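Okay, structure first, notes after.
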Amino acid sequence: MKLNPSTQLGLAFSIEMQNEIIDAHNQELNNGNHQYTDEEKASAVIQYKDLFSEHANNLYVFQEPALNIADRIKLDKGKLEDFSFLSSVKDKKITYLIDKHCFYRWKKYNGKIFVCCIKTIPQGNDYWANYWTFKIDTLTGDLIFPPDRIDQDFQDMMMRFVKLLIFTELSELEIVMLKPNGRFGTRKSGKFVNESKHNITIIDSTWNKLIIRTEGFSVSGHLRLQRYGEGRKEVKLIFIEEFEKHGYIRRARKEIATEI
């Protein structure tokens, strides 16, 4: 995969696109049901200008097995309402590069995670950029989003982000820093060529490296959030390995399972 502005929307996030989104966001603040003060509006502009700036921004791209594992994290939006376990996430700014039509940009500051999901949608011979913004308050555990904008697309985008956030922040990762003009990987595992001017972190997971040597009934592996530590106040993502009723499973150094 070539990593450049034509293949990754997150690398083509121009000043013009940023200003369009900020203007649209301001319009929503002015026309929405909730009456915001001038101070709140000015603060919102500052927050999103800082979120969109490239200062201290880290770029993540996912190898396919890692992306598949993150997508398999099971979250029930109706029951998983307390996100205070994400308070352990350090203050930082990260862009998740998904593909040429979609990316996420998030920043944690003062206990709150500010998120912008941007996705382009084909409109004839052109594309129309849609965006969604929401916050995760790790102090109260609340997921905060504009109820008048919620639809299935927004829900899907929002919950996928939460899965990626949990995956990157609460699990063991294998990472490779790919510098400009750098290359990584093979044709079989996925090859990356960094044609941008930025350092890009490639995300993989140790969980996709498994080897099974047995016969019998297989119980498929799955991901689970588990509390630990003093008072069981901390949370981490763990993988319950696939196992057989009559056999064993062990880690492999080279073989990669096609399904986790």
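Chain labels follow the order of the structure tokens: the first chain is A, the next B, and so on; residue numbering restarts at 1 in every chain, and ligands are counted from 1 in their shown order.
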Open item on the list: What's around A:Ala42 at 12 Å? Count only C-alpha atoms, leave out sequence neighbours fewer than 6 positions away in its own chain, and write the answer as a ChimeraX atom specification.
Closed with: /A:22,25-26,29-30,36,48-49
Based on the selection just made, write C-alpha atoms of those residues as a PDB file, in the first residue's frame.
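Generated output (result36.pdb):
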ATOM      1  CA  ILE A  22     -14.862  24.582  11.361  1.00  0.00           C
ATOM      2  CA  HIS A  25     -19.363  23.421  13.090  1.00  0.00           C
ATOM      3  CA  ASN A  26     -19.828  27.104  13.952  1.00  0.00           C
ATOM      4  CA  LEU A  29     -23.464  25.952  17.201  1.00  0.00           C
ATOM      5  CA  ASN A  30     -25.432  29.010  16.081  1.00  0.00           C
ATOM      6  CA  TYR A  36     -24.140  28.532  23.432  1.00  0.00           C
ATOM      7  CA  TYR A  48     -11.004  22.106  16.813  1.00  0.00           C
ATOM      8  CA  LYS A  49      -8.312  24.311  15.291  1.00  0.00           C
TER       9      LYS A  49
END
Task: Non-local contacts of A:Lys119 (6 Å; only C-alpha atoms; under 4 positions in same chain excluded) as JSON, numbers by chain - done: {"A": [101, 102, 129, 130]}
Open item on the list: Report as a PyMOL selection string all protein, DNA and RNA residues lying within 10 Å of A:Val176, evaluated on only C-alpha atoms, omitting residues in the same chain fewer than 4 positions from it.
Closed with: chain A and resi 60+184+200-204
With C-alpha atoms retained, write the just-selected residues as a short mmCIF file (atom, residue, chain, number, x, y, z; two decimals), in the first residue's frame.
data_model
loop_
_atom_site.label_atom_id
_atom_site.label_comp_id
_atom_site.auth_asym_id
_atom_site.auth_seq_id
_atom_site.Cartn_x
_atom_site.Cartn_y
_atom_site.Cartn_z
CA TYR A 60 -1.31 5.46 12.66
CA PHE A 184 7.95 -2.19 5.27
CA ILE A 200 3.82 6.98 10.03
CA THR A 201 3.38 4.31 12.72
CA ILE A 202 2.28 0.90 11.43
CA ILE A 203 0.10 -0.93 13.93
CA ASP A 204 0.00 -4.72 14.24
#
Task: Two-atom distance - atom CA of A:Leu139, atom CA of A:Leu67 (Å) - done: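 Taking atom CA of A:Leu139 as the start and atom CA of A:Leu67 as the end point, the length is 27.9 Å.
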- [ ] Please give the complete set of residues from stretch 7-224 of chain A that DSSP, run on the backbone, assigns to helix (DSSP H, G or I), formatted as a ChimeraX atom specification.
- [x] /A:9-11,15-31,38-52,64-71,84-88,147-149,152-170,206-208
- [ ] Compare A:Val45, A:Met158, A:Val235, A:Ile150 by their minimum atom-to-atom distance to A:Lys135, counting only C-alpha atoms, and give me the closest one.
- [x]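 Looking only at the distances to A:Lys135, the closest residue turns out to be A:Met158.
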- [ ] Assign secondary structure with DSSP using the backbone only, and return the residues of stretch 21-99 of chain A in strand (DSSP E or B) as an MDAnalysis selection string.
- [x] chainID A and resid 57:62 93:99
TODO: Kindly indicate which residue among A:Thr133, A:Trp128, A:Lys90, A:Asp99 lies nearest to A:Ala44, using only C-alpha atoms for the distances.
DONE: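 Of A:Thr133, A:Trp128, A:Lys90, A:Asp99, the one nearest A:Ala44, counting only C-alpha atoms, is A:Thr133.
Contact shell of A:Asn57 at 12 Å (only C-alpha atoms; same-chain neighbours under 5 positions omitted): Gly10, Leu11, Asp50, Leu51, Phe52, Asp91, Lys92, Lys93, Ile94, Thr95, Tyr96, Tyr104, Arg105, Trp106, Lys107, Lys108, His198, Asn199, Ile200 and Thr201 of chain A.
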Residues just named, written with N, CA and C atoms as a tab-separated table (two decimals), in the first residue's frame:
chain	number	residue	atom	x	y	z
A	10	GLY	N	-6.59	11.12	5.37
A	10	GLY	CA	-5.97	11.79	6.52
A	10	GLY	C	-4.68	12.50	6.19
A	11	LEU	N	-4.04	12.13	5.06
A	11	LEU	CA	-2.83	12.81	4.61
A	11	LEU	C	-3.16	13.94	3.64
A	50	ASP	N	-6.98	23.40	17.10
A	50	ASP	CA	-5.85	22.67	17.66
A	50	ASP	C	-5.91	21.20	17.28
A	51	LEU	N	-7.12	20.63	17.28
A	51	LEU	CA	-7.29	19.23	16.89
A	51	LEU	C	-6.84	19.01	15.45
A	52	PHE	N	-7.17	19.95	14.58
A	52	PHE	CA	-6.85	19.80	13.16
A	52	PHE	C	-5.41	20.15	12.81
A	91	ASP	N	-2.51	12.21	27.56
A	91	ASP	CA	-2.80	13.33	26.67
A	91	ASP	C	-1.96	13.19	25.40
A	92	LYS	N	-2.60	13.19	24.24
A	92	LYS	CA	-1.91	13.01	22.97
A	92	LYS	C	-2.87	13.34	21.84
A	93	LYS	N	-2.33	13.39	20.63
A	93	LYS	CA	-3.14	13.61	19.43
A	93	LYS	C	-2.75	12.57	18.39
A	94	ILE	N	-3.75	11.88	17.84
A	94	ILE	CA	-3.48	10.78	16.91
A	94	ILE	C	-4.48	10.83	15.76
A	95	THR	N	-4.00	10.50	14.57
A	95	THR	CA	-4.86	10.31	13.41
A	95	THR	C	-4.83	8.84	13.03
A	96	TYR	N	-6.00	8.22	12.96
A	96	TYR	CA	-6.11	6.85	12.47
A	96	TYR	C	-6.38	6.92	10.97
A	104	TYR	N	-9.88	9.20	11.20
A	104	TYR	CA	-10.28	9.74	12.50
A	104	TYR	C	-9.14	10.59	13.03
A	105	ARG	N	-9.47	11.72	13.64
A	105	ARG	CA	-8.48	12.54	14.33
A	105	ARG	C	-8.98	12.76	15.76
A	106	TRP	N	-8.14	12.44	16.76
A	106	TRP	CA	-8.57	12.63	18.14
A	106	TRP	C	-7.45	13.20	19.00
A	107	LYS	N	-7.90	13.86	20.05
A	107	LYS	CA	-6.95	14.44	21.00
A	107	LYS	C	-7.52	14.33	22.40
A	108	LYS	N	-6.68	13.91	23.35
A	108	LYS	CA	-7.10	13.92	24.74
A	108	LYS	C	-6.47	15.11	25.46
A	198	HIS	N	5.73	12.61	6.24
A	198	HIS	CA	5.55	12.41	7.69
A	198	HIS	C	6.02	11.02	8.12
A	199	ASN	N	6.41	10.91	9.38
A	199	ASN	CA	6.60	9.59	9.97
A	199	ASN	C	5.23	8.96	10.21
A	200	ILE	N	5.09	7.69	9.86
A	200	ILE	CA	3.82	6.98	10.03
A	200	ILE	C	4.07	5.71	10.84
A	201	THR	N	3.25	5.50	11.88
A	201	THR	CA	3.38	4.31	12.72
A	201	THR	C	2.47	3.21	12.19
Open item on the list: Calculated over only C-alpha atoms, which of the candidates A:Phe103, A:Phe62, A:Phe154, A:Phe85 has the smallest distance to A:Pro5?
Closed with: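 Counting only C-alpha atoms, the residue closest to A:Pro5 is A:Phe103.
You will find atom CA of A:Leu165 at 14.8 Å from atom CA of A:Asp82.
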